[in-house]
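Worksheet: one structure, shown below.
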There are 2 protein chains.
Amino acid sequence: MKINNQHYHTIWIEENIPDIIHIIDQRKLPFIFEIIHLKTAEEVAESIINMAVRGAPLIGVAAAYGMYLSLLNYRGADLRSHILETAWLLKSTRPTAINLEFAIQESIERVIGCRDQSTAIKAALEYATELRDQEIKNSSMIGYAGLPIIRNKYKTLGRTVNILTHCNAGWLACIDWGTALAPIYKAAREGIPVHVWVDETRPRNQGARLTAYELKEEGIPHTVICDNTGGHLMQRGMVDIVIVGSDRTSPEGDVTNKIGTYLKALAAHDNNIPVYAALPSSSIDWQIEDMNKVPIEERDPIEVTSIEGWDGTEISKVELCPVGTKAANYGFDVTPSRLITGLITERGVCLADKSSILSLFPERK
Amino acid sequence: MKINNQHYHTIWIEENIPDIIHIIDQRKLPFIFEIIHLKTAEEVAESIINMAVRGAPLIGVAAAYGMYLSLLNYRGADLRSHILETAWLLKSTRPTAINLEFAIQESIERVIGCRDQSTAIKAALEYATELRDQEIKNSSMIGYAGLPIIRNKYKTLGRTVNILTHCNAGWLACIDWGTALAPIYKAAREGIPVHVWVDETRPRNQGARLTAYELKEEGIPHTVICDNTGGHLMQRGMVDIVIVGSDRTSPEGDVTNKIGTYLKALAAHDNNIPVYAALPSSSIDWQIEDMNKVPIEERDPIEVTSIEGWDGTEISKVELCPVGTKAANYGFDVTPSRLITGLITERGVCLADKSSILSLFPERK
């Protein structure tokens, strides 16, 4: 998608420079646009931990590139141990999004049996590129799959369709297009009038910072609201559809997503507003049996007791609470499938239940 | 209640200085403790608009003192017009809390028939003092009325009772004790172990700033959370009771309170957690027929797109969104009575329905 009318992806390698991975530093957006150059798996891990890259699909791809860089730079004799150590390093960066685990697992399987280091390097890069291309394609397909939902709503209402989204599940969370925002981008390109209510999404404000930035750069009308506001808007008929992303979806259709998603789904349900979770199948955890066992990331309470913003000159932090205030910072919550109208995947839209999901992914039966 | 171990009210007159009203500047807490001296009704109105004083019971009392100051300072010949003009000025400061309207209406009735200005001044001061004393008493009675709810929960659980509250409905929103926090203060003084989950309450962060400050000064264990977090805590059994305030309650038991209250009530209802609204009867709008007609205050979007905090030296503001981002800033939402377990009033606890409310206030039948 576009920044300053120039097309970008969130992660890429430049031709003839195979030892550097480029990412956009998402900690500094929308105030500063800066590209970071990663040369080691440790740097990739660090960029996932500090959230320079974030978003379930993107951190999966970043981890695959991390595996590649690690093999590229290895100078030792025990390649197998090295691969497993790197995998552990990358996997331990963030606990909730299942994409990370999948990407690392798949990368291991592709490289672990390679006859030598150079073959392993090639296989790791091939996989990272393949996953990256697949996620771009997935996002675009999610966009086309979700488009009829918006188109039909527009046909029924005959006016601008108001869509509420939480956090950032746009192209910045993926490689291109996004998940929750992909159908919105496709709808806008088709000329359907849309307006997006953007939850600011405390504590890290990915909505106010990243979603608003994406939508602005793409010229999509939008209004930022505090996370408290969506329920009131729904009660007053000001929201037509809710679309969110997912960091981990169970085969039963329960959705783990950014903290606060559950509250919006409850309000939508209470007001008969459809709620869709848009996700590539790489976000489905086919093994999980009890979503209450999904590890919910707990981050530094400082993200709650203080906030970063633009002071007119630079990004600076201000304290929000009395000195010494204790805070809790859970990153995700689980929205039960009963509150979800449908899942928008790269293979189409289905109900949030096991048989519907398996009808789209019969190979998982 | 206490600040730095000294007892304060939120609004007072000092002996022998009858022409000055003193308030604590709540825009600067918890970072700076500053007292403002108000000499005119215009200054009172301004302090309500800019939220130096806020909270439904407190702005009612402030307005009553505003009526008094206005009469005290009047030097013209048409007292009746002056009273009505002042009433209009004070009433137009904020639209949602019904206390403001009640206090002004009652003040008018007390002074409008007075035979001369000095009698009117005396009547206005008497009413303001009476309302202030009444609200202190109301808050304390609300505390005692709500105490058994916490005590019984403690007896059942045999461990610390976890209470979630939204916004600031503590003594800073009243004159003393508070509404939602009053039962918590009474419980703590009785030795019942309580812990409060404090919603930060964007956009103005009255939770993170004022509730956390109050609880800290009173030594009550508490944890600040983002407004997104409560649902997850409830799903995981980490909240036992929700207690909030109310800016306007209908005789049917619907509660208009700080934006986001509805979302927490939905989550509590979904997890079988009791939700209480604590309010003096001065917050009941006996006339209202349709809560969807309550005027919901819309404030400056700048409160959403930027935030104030402590930069280490002073209170400063940082921008949170891309330049030019549109935002919406609704101040309140309506929680329907079906989501409310009970109302805690100065006359006791009742169900959130007409007959229960009228059984406590039979004179309103």
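Residues are named by chain letter and number: chains run A, B, ... in the order of the structure tokens, numbers start at 1 in each chain, and ligands are numbered from 1 in the order shown.
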DSSP on the backbone, strand (DSSP E or B) only: what residues of stretch 221-268 of chain B does that give? Format it as a PyMOL selection string. chain B and resi 222-225+241-244+248-249+255-258
Generate a file of the selected residues that holds N, CA and C atoms, formatted as a PDB file, in the first residue's frame.
ATOM      1  N   HIS B 222      -4.780  -0.816  44.579  1.00  0.00           N
ATOM      2  CA  HIS B 222      -5.449  -0.626  43.289  1.00  0.00           C
ATOM      3  C   HIS B 222      -4.469  -0.850  42.151  1.00  0.00           C
ATOM      4  N   THR B 223      -5.018  -1.146  40.970  1.00  0.00           N
ATOM      5  CA  THR B 223      -4.221  -1.364  39.768  1.00  0.00           C
ATOM      6  C   THR B 223      -4.912  -0.636  38.618  1.00  0.00           C
ATOM      7  N   VAL B 224      -4.174   0.204  37.926  1.00  0.00           N
ATOM      8  CA  VAL B 224      -4.742   0.914  36.774  1.00  0.00           C
ATOM      9  C   VAL B 224      -4.678   0.005  35.547  1.00  0.00           C
ATOM     10  N   ILE B 225      -5.753   0.000  34.797  1.00  0.00           N
ATOM     11  CA  ILE B 225      -5.802  -0.771  33.546  1.00  0.00           C
ATOM     12  C   ILE B 225      -6.338   0.118  32.423  1.00  0.00           C
ATOM     13  N   ILE B 241     -16.976  -7.559  41.631  1.00  0.00           N
ATOM     14  CA  ILE B 241     -18.072  -6.592  41.622  1.00  0.00           C
ATOM     15  C   ILE B 241     -17.656  -5.417  40.734  1.00  0.00           C
ATOM     16  N   VAL B 242     -18.610  -4.872  39.996  1.00  0.00           N
ATOM     17  CA  VAL B 242     -18.377  -3.614  39.279  1.00  0.00           C
ATOM     18  C   VAL B 242     -19.210  -2.534  39.976  1.00  0.00           C
ATOM     19  N   ILE B 243     -18.583  -1.422  40.323  1.00  0.00           N
ATOM     20  CA  ILE B 243     -19.334  -0.292  40.882  1.00  0.00           C
ATOM     21  C   ILE B 243     -18.961   0.968  40.106  1.00  0.00           C
ATOM     22  N   VAL B 244     -19.970   1.644  39.592  1.00  0.00           N
ATOM     23  CA  VAL B 244     -19.740   2.890  38.852  1.00  0.00           C
ATOM     24  C   VAL B 244     -20.638   3.981  39.428  1.00  0.00           C
ATOM     25  N   ARG B 248     -26.825  10.612  35.258  1.00  0.00           N
ATOM     26  CA  ARG B 248     -28.264  10.788  35.159  1.00  0.00           C
ATOM     27  C   ARG B 248     -28.906   9.405  35.128  1.00  0.00           C
ATOM     28  N   THR B 249     -29.793   9.154  36.077  1.00  0.00           N
ATOM     29  CA  THR B 249     -30.463   7.860  36.174  1.00  0.00           C
ATOM     30  C   THR B 249     -31.941   8.066  35.891  1.00  0.00           C
ATOM     31  N   VAL B 255     -28.916   3.956  33.349  1.00  0.00           N
ATOM     32  CA  VAL B 255     -27.867   4.796  33.917  1.00  0.00           C
ATOM     33  C   VAL B 255     -27.019   5.450  32.821  1.00  0.00           C
ATOM     34  N   THR B 256     -27.039   6.776  32.787  1.00  0.00           N
ATOM     35  CA  THR B 256     -26.115   7.505  31.915  1.00  0.00           C
ATOM     36  C   THR B 256     -24.868   7.799  32.730  1.00  0.00           C
ATOM     37  N   ASN B 257     -23.749   7.303  32.274  1.00  0.00           N
ATOM     38  CA  ASN B 257     -22.501   7.514  33.014  1.00  0.00           C
ATOM     39  C   ASN B 257     -21.380   7.691  31.986  1.00  0.00           C
ATOM     40  N   LYS B 258     -20.191   7.911  32.469  1.00  0.00           N
ATOM     41  CA  LYS B 258     -19.029   8.137  31.607  1.00  0.00           C
ATOM     42  C   LYS B 258     -18.966   7.125  30.465  1.00  0.00           C
TER      43      LYS B 258
END
How close does each residue of chain A get to chain B, giving the shortest atom pair and distance in Å to one decimal for every residue with an atom at most 8 Å away, counting only C-alpha atoms, sorted by chain and residue number, as a tab-separated table?
residue	atom	partner	partner_atom	distance
A:Pro30	CA	B:Pro322	CA	5.6
A:Phe31	CA	B:Pro322	CA	6.9
A:Thr201	CA	B:Asn228	CA	7.6
A:Arg202	CA	B:Cys226	CA	6.2
A:Pro203	CA	B:Cys226	CA	6.4
A:Asn205	CA	B:Leu320	CA	7.9
A:Ala208	CA	B:Cys321	CA	5.2
A:Arg209	CA	B:Cys321	CA	5.2
A:Ala212	CA	B:Pro322	CA	6.9
A:Tyr213	CA	B:Pro322	CA	6.0
A:His222	CA	B:Lys326	CA	7.0
A:Thr223	CA	B:Ala327	CA	4.8
A:Val224	CA	B:Ala327	CA	4.5
A:Ile225	CA	B:Ala328	CA	5.6
A:Cys226	CA	B:Arg202	CA	6.2
A:Asp227	CA	B:Asn228	CA	6.6
A:Asn228	CA	B:Gly260	CA	4.0
A:Thr229	CA	B:Gly260	CA	6.1
A:Gly231	CA	B:Leu263	CA	6.1
A:His232	CA	B:Asp333	CA	5.5
A:Ile259	CA	B:Asn228	CA	5.7
A:Gly260	CA	B:Asn228	CA	4.0
A:Thr261	CA	B:Asn228	CA	7.8
A:Tyr262	CA	B:Gly231	CA	6.7
A:Leu263	CA	B:Leu263	CA	5.8
A:Lys264	CA	B:Leu263	CA	7.5
A:Leu266	CA	B:Leu266	CA	6.5
A:Ala267	CA	B:Leu263	CA	6.5
A:Val304	CA	B:Cys226	CA	6.6
A:Thr305	CA	B:Val224	CA	7.7
A:Ser306	CA	B:Gly309	CA	7.9
A:Glu308	CA	B:Val318	CA	7.4
A:Gly309	CA	B:Val318	CA	4.9
A:Trp310	CA	B:Glu319	CA	4.8
A:Asp311	CA	B:Val318	CA	4.7
A:Gly312	CA	B:Val318	CA	7.7
A:Ser316	CA	B:Val318	CA	7.5
A:Lys317	CA	B:Asp311	CA	6.8
A:Val318	CA	B:Asp311	CA	4.7
A:Glu319	CA	B:Trp310	CA	4.8
A:Leu320	CA	B:Gly309	CA	5.1
A:Cys321	CA	B:Arg209	CA	5.2
A:Pro322	CA	B:Pro30	CA	5.6
A:Thr325	CA	B:Thr223	CA	7.2
A:Lys326	CA	B:Thr223	CA	5.0
A:Ala327	CA	B:Val224	CA	4.5
A:Ala328	CA	B:Ile225	CA	5.6
A:Asn329	CA	B:Ile225	CA	6.8
A:Tyr330	CA	B:Thr229	CA	6.9
A:Phe332	CA	B:His232	CA	8.0
A:Asp333	CA	B:His232	CA	5.5
A:Val334	CA	B:His232	CA	7.4
Go ahead and write the selection's residues with C-alpha atoms as a short mmCIF file (atom, residue, chain, number, x, y, z; two decimals), in the first residue's frame.
data_model
loop_
_atom_site.label_atom_id
_atom_site.label_comp_id
_atom_site.auth_asym_id
_atom_site.auth_seq_id
_atom_site.Cartn_x
_atom_site.Cartn_y
_atom_site.Cartn_z
CA PRO A 30 2.89 8.21 12.18
CA PHE A 31 5.34 10.84 13.38
CA THR A 201 -6.49 0.91 21.04
CA ARG A 202 -4.73 1.68 24.26
CA PRO A 203 -2.19 1.06 25.54
CA ASN A 205 -2.54 3.13 20.31
CA ALA A 208 -4.77 6.10 16.54
CA ARG A 209 -1.24 5.81 15.22
CA ALA A 212 -5.35 6.25 11.10
CA TYR A 213 -2.03 6.63 9.26
CA HIS A 222 -12.13 7.75 9.08
CA THR A 223 -12.66 9.06 12.62
CA VAL A 224 -10.56 8.11 15.62
CA ILE A 225 -12.44 7.33 18.83
CA CYS A 226 -11.44 6.28 22.32
CA ASP A 227 -11.87 2.59 23.07
CA ASN A 228 -14.78 3.51 25.34
CA THR A 229 -16.86 4.98 22.54
CA GLY A 231 -20.72 0.84 22.38
CA HIS A 232 -22.43 4.22 22.35
CA ILE A 259 -7.35 -6.61 24.21
CA GLY A 260 -10.75 -4.92 24.00
CA THR A 261 -12.02 -6.86 21.00
CA TYR A 262 -14.30 -8.89 23.28
CA LEU A 263 -15.97 -5.71 24.59
CA LYS A 264 -16.73 -4.48 21.07
CA LEU A 266 -20.39 -7.88 23.07
CA ALA A 267 -21.72 -4.44 22.15
CA VAL A 304 -0.25 1.85 30.67
CA THR A 305 1.14 4.39 33.14
CA SER A 306 2.75 6.49 30.41
CA GLU A 308 4.27 8.31 23.77
CA GLY A 309 3.26 11.05 21.37
CA TRP A 310 4.58 13.93 19.33
CA ASP A 311 5.53 16.98 21.39
CA GLY A 312 6.00 19.23 18.35
CA SER A 316 8.26 12.00 23.77
CA LYS A 317 6.71 10.22 26.70
CA VAL A 318 4.47 11.65 29.41
CA GLU A 319 3.37 10.03 32.67
CA LEU A 320 -0.36 9.48 33.11
CA CYS A 321 -0.68 8.27 36.71
CA PRO A 322 0.43 9.24 40.20
CA THR A 325 0.97 3.55 40.48
CA LYS A 326 0.65 -0.18 39.82
CA ALA A 327 -0.76 -1.13 36.42
CA ALA A 328 -1.58 -4.33 34.54
CA ASN A 329 -1.00 -4.66 30.81
CA TYR A 330 -2.65 -7.67 29.15
CA PHE A 332 -5.09 -9.79 24.12
CA ASP A 333 -8.48 -11.19 24.97
CA VAL A 334 -10.57 -14.06 23.64
#
Among listed residues B:Ala103, B:Leu71, B:Leu79, B:Ile163, nearest B:Ile149 (using only C-alpha atoms):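 Smallest distance to B:Ile149 is found for B:Ile163.
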Report the residues of stretch 37-217 of chain A whose backbone DSSP state falls under helix (DSSP H, G or I), written as a JSON list (two decimals) with C-alpha atoms, in the first residue's frame.
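Dumped everything to states_8.json:
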[["chain", "number", "residue", "atom", "x", "y", "z"],
["A", 41, "ALA", "CA", 18.38, -13.08, 13.87],
["A", 42, "GLU", "CA", 19.01, -11.31, 17.16],
["A", 43, "GLU", "CA", 18.10, -8.00, 15.56],
["A", 44, "VAL", "CA", 14.96, -9.56, 14.10],
["A", 45, "ALA", "CA", 14.02, -10.95, 17.53],
["A", 46, "GLU", "CA", 14.62, -7.57, 19.11],
["A", 47, "SER", "CA", 12.47, -5.83, 16.49],
["A", 48, "ILE", "CA", 9.61, -8.24, 17.25],
["A", 49, "ILE", "CA", 9.98, -7.76, 21.02],
["A", 56, "ALA", "CA", 0.35, -11.57, 13.52],
["A", 57, "PRO", "CA", 1.11, -12.19, 9.81],
["A", 58, "LEU", "CA", 4.07, -9.80, 9.77],
["A", 59, "ILE", "CA", 5.86, -11.23, 12.80],
["A", 60, "GLY", "CA", 5.51, -14.70, 11.26],
["A", 61, "VAL", "CA", 7.26, -13.52, 8.09],
["A", 62, "ALA", "CA", 9.84, -11.55, 10.07],
["A", 63, "ALA", "CA", 10.68, -14.70, 12.05],
["A", 64, "ALA", "CA", 11.13, -16.68, 8.81],
["A", 65, "TYR", "CA", 13.61, -14.06, 7.62],
["A", 66, "GLY", "CA", 15.26, -14.25, 11.04],
["A", 67, "MET", "CA", 15.85, -17.98, 10.52],
["A", 68, "TYR", "CA", 17.40, -17.16, 7.16],
["A", 69, "LEU", "CA", 19.73, -14.44, 8.51],
["A", 70, "SER", "CA", 20.81, -16.73, 11.29],
["A", 71, "LEU", "CA", 21.84, -19.45, 8.84],
["A", 72, "LEU", "CA", 23.51, -16.91, 6.56],
["A", 73, "ASN", "CA", 25.69, -15.59, 9.37],
["A", 79, "LEU", "CA", 24.23, -26.31, 12.26],
["A", 80, "ARG", "CA", 21.41, -28.37, 13.75],
["A", 81, "SER", "CA", 21.83, -26.96, 17.26],
["A", 82, "HIS", "CA", 22.19, -23.51, 15.82],
["A", 83, "ILE", "CA", 18.89, -23.82, 13.94],
["A", 84, "LEU", "CA", 17.06, -24.96, 17.05],
["A", 85, "GLU", "CA", 18.61, -22.25, 19.20],
["A", 86, "THR", "CA", 17.61, -19.57, 16.73],
["A", 87, "ALA", "CA", 14.12, -21.01, 16.54],
["A", 88, "TRP", "CA", 13.87, -20.81, 20.31],
["A", 89, "LEU", "CA", 15.14, -17.25, 20.36],
["A", 90, "LEU", "CA", 12.60, -16.13, 17.76],
["A", 91, "LYS", "CA", 9.70, -18.09, 19.21],
["A", 98, "ILE", "CA", 0.26, -18.38, 16.43],
["A", 99, "ASN", "CA", 1.72, -17.25, 13.08],
["A", 100, "LEU", "CA", 5.12, -16.87, 14.71],
["A", 101, "GLU", "CA", 5.17, -20.46, 15.91],
["A", 102, "PHE", "CA", 3.96, -21.79, 12.54],
["A", 103, "ALA", "CA", 6.51, -19.88, 10.52],
["A", 104, "ILE", "CA", 9.38, -21.00, 12.71],
["A", 105, "GLN", "CA", 8.21, -24.60, 12.75],
["A", 106, "GLU", "CA", 7.86, -24.68, 8.98],
["A", 107, "SER", "CA", 11.26, -23.05, 8.50],
["A", 108, "ILE", "CA", 12.86, -25.67, 10.74],
["A", 109, "GLU", "CA", 11.26, -28.45, 8.72],
["A", 110, "ARG", "CA", 12.55, -26.95, 5.47],
["A", 111, "VAL", "CA", 16.14, -26.51, 6.62],
["A", 117, "GLN", "CA", 24.77, -24.81, 5.22],
["A", 118, "SER", "CA", 24.44, -23.22, 1.79],
["A", 119, "THR", "CA", 21.51, -25.47, 0.91],
["A", 120, "ALA", "CA", 19.93, -24.61, 4.26],
["A", 121, "ILE", "CA", 20.44, -20.88, 3.65],
["A", 122, "LYS", "CA", 18.78, -21.22, 0.26],
["A", 123, "ALA", "CA", 15.88, -23.22, 1.71],
["A", 124, "ALA", "CA", 15.35, -20.72, 4.55],
["A", 125, "LEU", "CA", 15.30, -17.77, 2.16],
["A", 126, "GLU", "CA", 13.00, -19.62, -0.20],
["A", 127, "TYR", "CA", 10.60, -20.31, 2.63],
["A", 128, "ALA", "CA", 10.66, -16.74, 3.95],
["A", 129, "THR", "CA", 10.01, -15.37, 0.46],
["A", 130, "GLU", "CA", 7.30, -17.94, -0.13],
["A", 131, "LEU", "CA", 5.58, -17.11, 3.18],
["A", 132, "ARG", "CA", 5.85, -13.41, 2.45],
["A", 133, "ASP", "CA", 4.34, -13.82, -1.00],
["A", 134, "GLN", "CA", 1.68, -16.13, 0.41],
["A", 135, "GLU", "CA", 0.68, -13.58, 3.06],
["A", 136, "ILE", "CA", 0.42, -10.84, 0.44],
["A", 137, "LYS", "CA", -1.81, -13.11, -1.61],
["A", 138, "ASN", "CA", -3.79, -14.16, 1.50],
["A", 139, "SER", "CA", -4.44, -10.55, 2.42],
["A", 140, "SER", "CA", -5.59, -9.66, -1.04],
["A", 141, "MET", "CA", -7.87, -12.72, -1.12],
["A", 142, "ILE", "CA", -9.26, -11.78, 2.32],
["A", 143, "GLY", "CA", -10.01, -8.40, 0.81],
["A", 144, "TYR", "CA", -11.96, -9.94, -2.06],
["A", 145, "ALA", "CA", -13.69, -12.40, 0.27],
["A", 146, "GLY", "CA", -14.88, -9.62, 2.59],
["A", 147, "LEU", "CA", -15.78, -7.16, -0.15],
["A", 148, "PRO", "CA", -19.31, -8.54, -0.76],
["A", 149, "ILE", "CA", -20.16, -8.02, 2.92],
["A", 150, "ILE", "CA", -19.52, -4.29, 2.53],
["A", 151, "ARG", "CA", -21.02, -4.15, -0.96],
["A", 152, "ASN", "CA", -24.23, -5.79, 0.19],
["A", 153, "LYS", "CA", -24.49, -3.53, 3.21],
["A", 154, "TYR", "CA", -24.09, -0.55, 0.89],
["A", 155, "LYS", "CA", -26.80, -1.87, -1.42],
["A", 156, "THR", "CA", -29.15, -2.33, 1.54],
["A", 157, "LEU", "CA", -28.44, 1.01, 3.19],
["A", 171, "TRP", "CA", -1.23, -3.68, 5.73],
["A", 172, "LEU", "CA", 1.22, -2.62, 8.44],
["A", 173, "ALA", "CA", 0.23, -5.72, 10.43],
["A", 182, "ALA", "CA", -8.28, -5.45, 3.25],
["A", 183, "PRO", "CA", -12.03, -5.64, 2.46],
["A", 184, "ILE", "CA", -12.28, -1.91, 3.21],
["A", 185, "TYR", "CA", -9.47, -1.12, 0.76],
["A", 186, "LYS", "CA", -11.07, -3.30, -1.89],
["A", 187, "ALA", "CA", -14.47, -1.66, -1.29],
["A", 188, "ALA", "CA", -12.99, 1.83, -1.55],
["A", 189, "ARG", "CA", -11.26, 0.92, -4.82],
["A", 206, "GLN", "CA", -2.05, 1.10, 17.14],
["A", 207, "GLY", "CA", -5.43, 2.40, 15.98],
["A", 208, "ALA", "CA", -4.77, 6.10, 16.54],
["A", 209, "ARG", "CA", -1.24, 5.81, 15.22],
["A", 210, "LEU", "CA", -1.14, 3.09, 12.56],
["A", 211, "THR", "CA", -4.68, 2.51, 11.33],
["A", 212, "ALA", "CA", -5.35, 6.25, 11.10],
["A", 213, "TYR", "CA", -2.03, 6.63, 9.26],
["A", 214, "GLU", "CA", -2.80, 3.85, 6.77],
["A", 215, "LEU", "CA", -6.28, 5.14, 6.08],
["A", 216, "LYS", "CA", -5.06, 8.69, 5.68],
["A", 217, "GLU", "CA", -2.36, 7.65, 3.21]]
What gap, in Å, lies between atom CA of A:Gly113 and atom CA of A:Ser92?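 Computing it gives 23.2 Å between the two atoms.
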Gap from atom CA of A:Ile112 to atom CA of A:Glu297 - Å, one decimal: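 Between atom CA of A:Ile112 and atom CA of A:Glu297 the gap works out to 29.3 Å.
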Shell around B:Ser355 at 12 Å using only C-alpha atoms, local window under 2 positions removed, as a PyMOL selection string: chain B and resi 251-253+350-353+357-362+364-365
Mind dumping the selected residues with N, CA, C and O atoms as a PDB file, in the first residue's frame?
ATOM      1  N   PRO B 251     -35.997   6.949  36.096  1.00  0.00           N
ATOM      2  CA  PRO B 251     -36.813   6.266  37.108  1.00  0.00           C
ATOM      3  C   PRO B 251     -36.984   4.778  36.787  1.00  0.00           C
ATOM      4  O   PRO B 251     -37.391   3.999  37.640  1.00  0.00           O
ATOM      5  N   GLU B 252     -36.649   4.381  35.542  1.00  0.00           N
ATOM      6  CA  GLU B 252     -36.695   2.961  35.168  1.00  0.00           C
ATOM      7  C   GLU B 252     -35.373   2.253  35.487  1.00  0.00           C
ATOM      8  O   GLU B 252     -35.246   1.048  35.277  1.00  0.00           O
ATOM      9  N   GLY B 253     -34.363   3.005  35.915  1.00  0.00           N
ATOM     10  CA  GLY B 253     -33.099   2.394  36.311  1.00  0.00           C
ATOM     11  C   GLY B 253     -32.026   2.355  35.236  1.00  0.00           C
ATOM     12  O   GLY B 253     -30.996   1.702  35.406  1.00  0.00           O
ATOM     13  N   CYS B 350     -31.430  -0.716  45.811  1.00  0.00           N
ATOM     14  CA  CYS B 350     -32.655  -1.232  45.201  1.00  0.00           C
ATOM     15  C   CYS B 350     -32.342  -1.809  43.832  1.00  0.00           C
ATOM     16  O   CYS B 350     -31.256  -1.591  43.289  1.00  0.00           O
ATOM     17  N   LEU B 351     -33.267  -2.556  43.293  1.00  0.00           N
ATOM     18  CA  LEU B 351     -33.123  -3.055  41.933  1.00  0.00           C
ATOM     19  C   LEU B 351     -33.238  -1.879  40.970  1.00  0.00           C
ATOM     20  O   LEU B 351     -33.793  -0.833  41.301  1.00  0.00           O
ATOM     21  N   ALA B 352     -32.705  -2.078  39.759  1.00  0.00           N
ATOM     22  CA  ALA B 352     -32.764  -1.010  38.757  1.00  0.00           C
ATOM     23  C   ALA B 352     -34.089  -1.098  38.007  1.00  0.00           C
ATOM     24  O   ALA B 352     -34.136  -1.362  36.801  1.00  0.00           O
ATOM     25  N   ASP B 353     -35.182  -0.903  38.733  1.00  0.00           N
ATOM     26  CA  ASP B 353     -36.486  -0.829  38.070  1.00  0.00           C
ATOM     27  C   ASP B 353     -37.387   0.155  38.814  1.00  0.00           C
ATOM     28  O   ASP B 353     -37.101   0.538  39.958  1.00  0.00           O
ATOM     29  N   ILE B 357     -37.181   1.473  42.752  1.00  0.00           N
ATOM     30  CA  ILE B 357     -36.694   2.830  43.002  1.00  0.00           C
ATOM     31  C   ILE B 357     -37.753   3.622  43.778  1.00  0.00           C
ATOM     32  O   ILE B 357     -37.445   4.299  44.762  1.00  0.00           O
ATOM     33  N   LEU B 358     -38.995   3.489  43.368  1.00  0.00           N
ATOM     34  CA  LEU B 358     -40.064   4.232  44.043  1.00  0.00           C
ATOM     35  C   LEU B 358     -40.306   3.735  45.470  1.00  0.00           C
ATOM     36  O   LEU B 358     -40.779   4.490  46.318  1.00  0.00           O
ATOM     37  N   SER B 359     -39.950   2.481  45.717  1.00  0.00           N
ATOM     38  CA  SER B 359     -40.116   2.001  47.089  1.00  0.00           C
ATOM     39  C   SER B 359     -39.119   2.698  48.025  1.00  0.00           C
ATOM     40  O   SER B 359     -39.380   2.844  49.216  1.00  0.00           O
ATOM     41  N   LEU B 360     -37.982   3.137  47.480  1.00  0.00           N
ATOM     42  CA  LEU B 360     -37.041   3.916  48.301  1.00  0.00           C
ATOM     43  C   LEU B 360     -37.425   5.391  48.347  1.00  0.00           C
ATOM     44  O   LEU B 360     -37.091   6.099  49.296  1.00  0.00           O
ATOM     45  N   PHE B 361     -38.065   5.852  47.274  1.00  0.00           N
ATOM     46  CA  PHE B 361     -38.431   7.277  47.195  1.00  0.00           C
ATOM     47  C   PHE B 361     -39.939   7.405  46.971  1.00  0.00           C
ATOM     48  O   PHE B 361     -40.388   7.877  45.922  1.00  0.00           O
ATOM     49  N   PRO B 362     -40.745   6.978  47.966  1.00  0.00           N
ATOM     50  CA  PRO B 362     -42.204   6.925  47.792  1.00  0.00           C
ATOM     51  C   PRO B 362     -42.802   8.307  47.506  1.00  0.00           C
ATOM     52  O   PRO B 362     -43.859   8.379  46.866  1.00  0.00           O
ATOM     53  N   ARG B 364     -41.988  10.287  45.412  1.00  0.00           N
ATOM     54  CA  ARG B 364     -41.930  10.561  43.968  1.00  0.00           C
ATOM     55  C   ARG B 364     -43.028   9.840  43.204  1.00  0.00           C
ATOM     56  O   ARG B 364     -43.105   9.943  41.984  1.00  0.00           O
ATOM     57  N   LYS B 365     -43.792   9.044  43.887  1.00  0.00           N
ATOM     58  CA  LYS B 365     -44.845   8.247  43.233  1.00  0.00           C
ATOM     59  C   LYS B 365     -45.833   9.136  42.498  1.00  0.00           C
ATOM     60  O   LYS B 365     -46.239  10.171  42.993  1.00  0.00           O
TER      61      LYS B 365
END
Pick the closest to A:His9 from A:Leu38, A:Ile175, A:Ala277, A:Ala52: which is it, counting only C-alpha atoms?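 Ranking A:Leu38, A:Ile175, A:Ala277, A:Ala52 by distance to A:His9, first place goes to A:Ile175.
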Given only C-alpha atoms as the basis, pick out the residue of B:Val239, B:Met234, B:Leu339, B:Ile36 nearest to B:His269. B:Leu339
Close residues, A:Trp12 itself excluded, 8 Å, only C-alpha atoms, min 6 positions apart in chain, as JSON, numbers by chain: {"A": [21, 22, 23]}
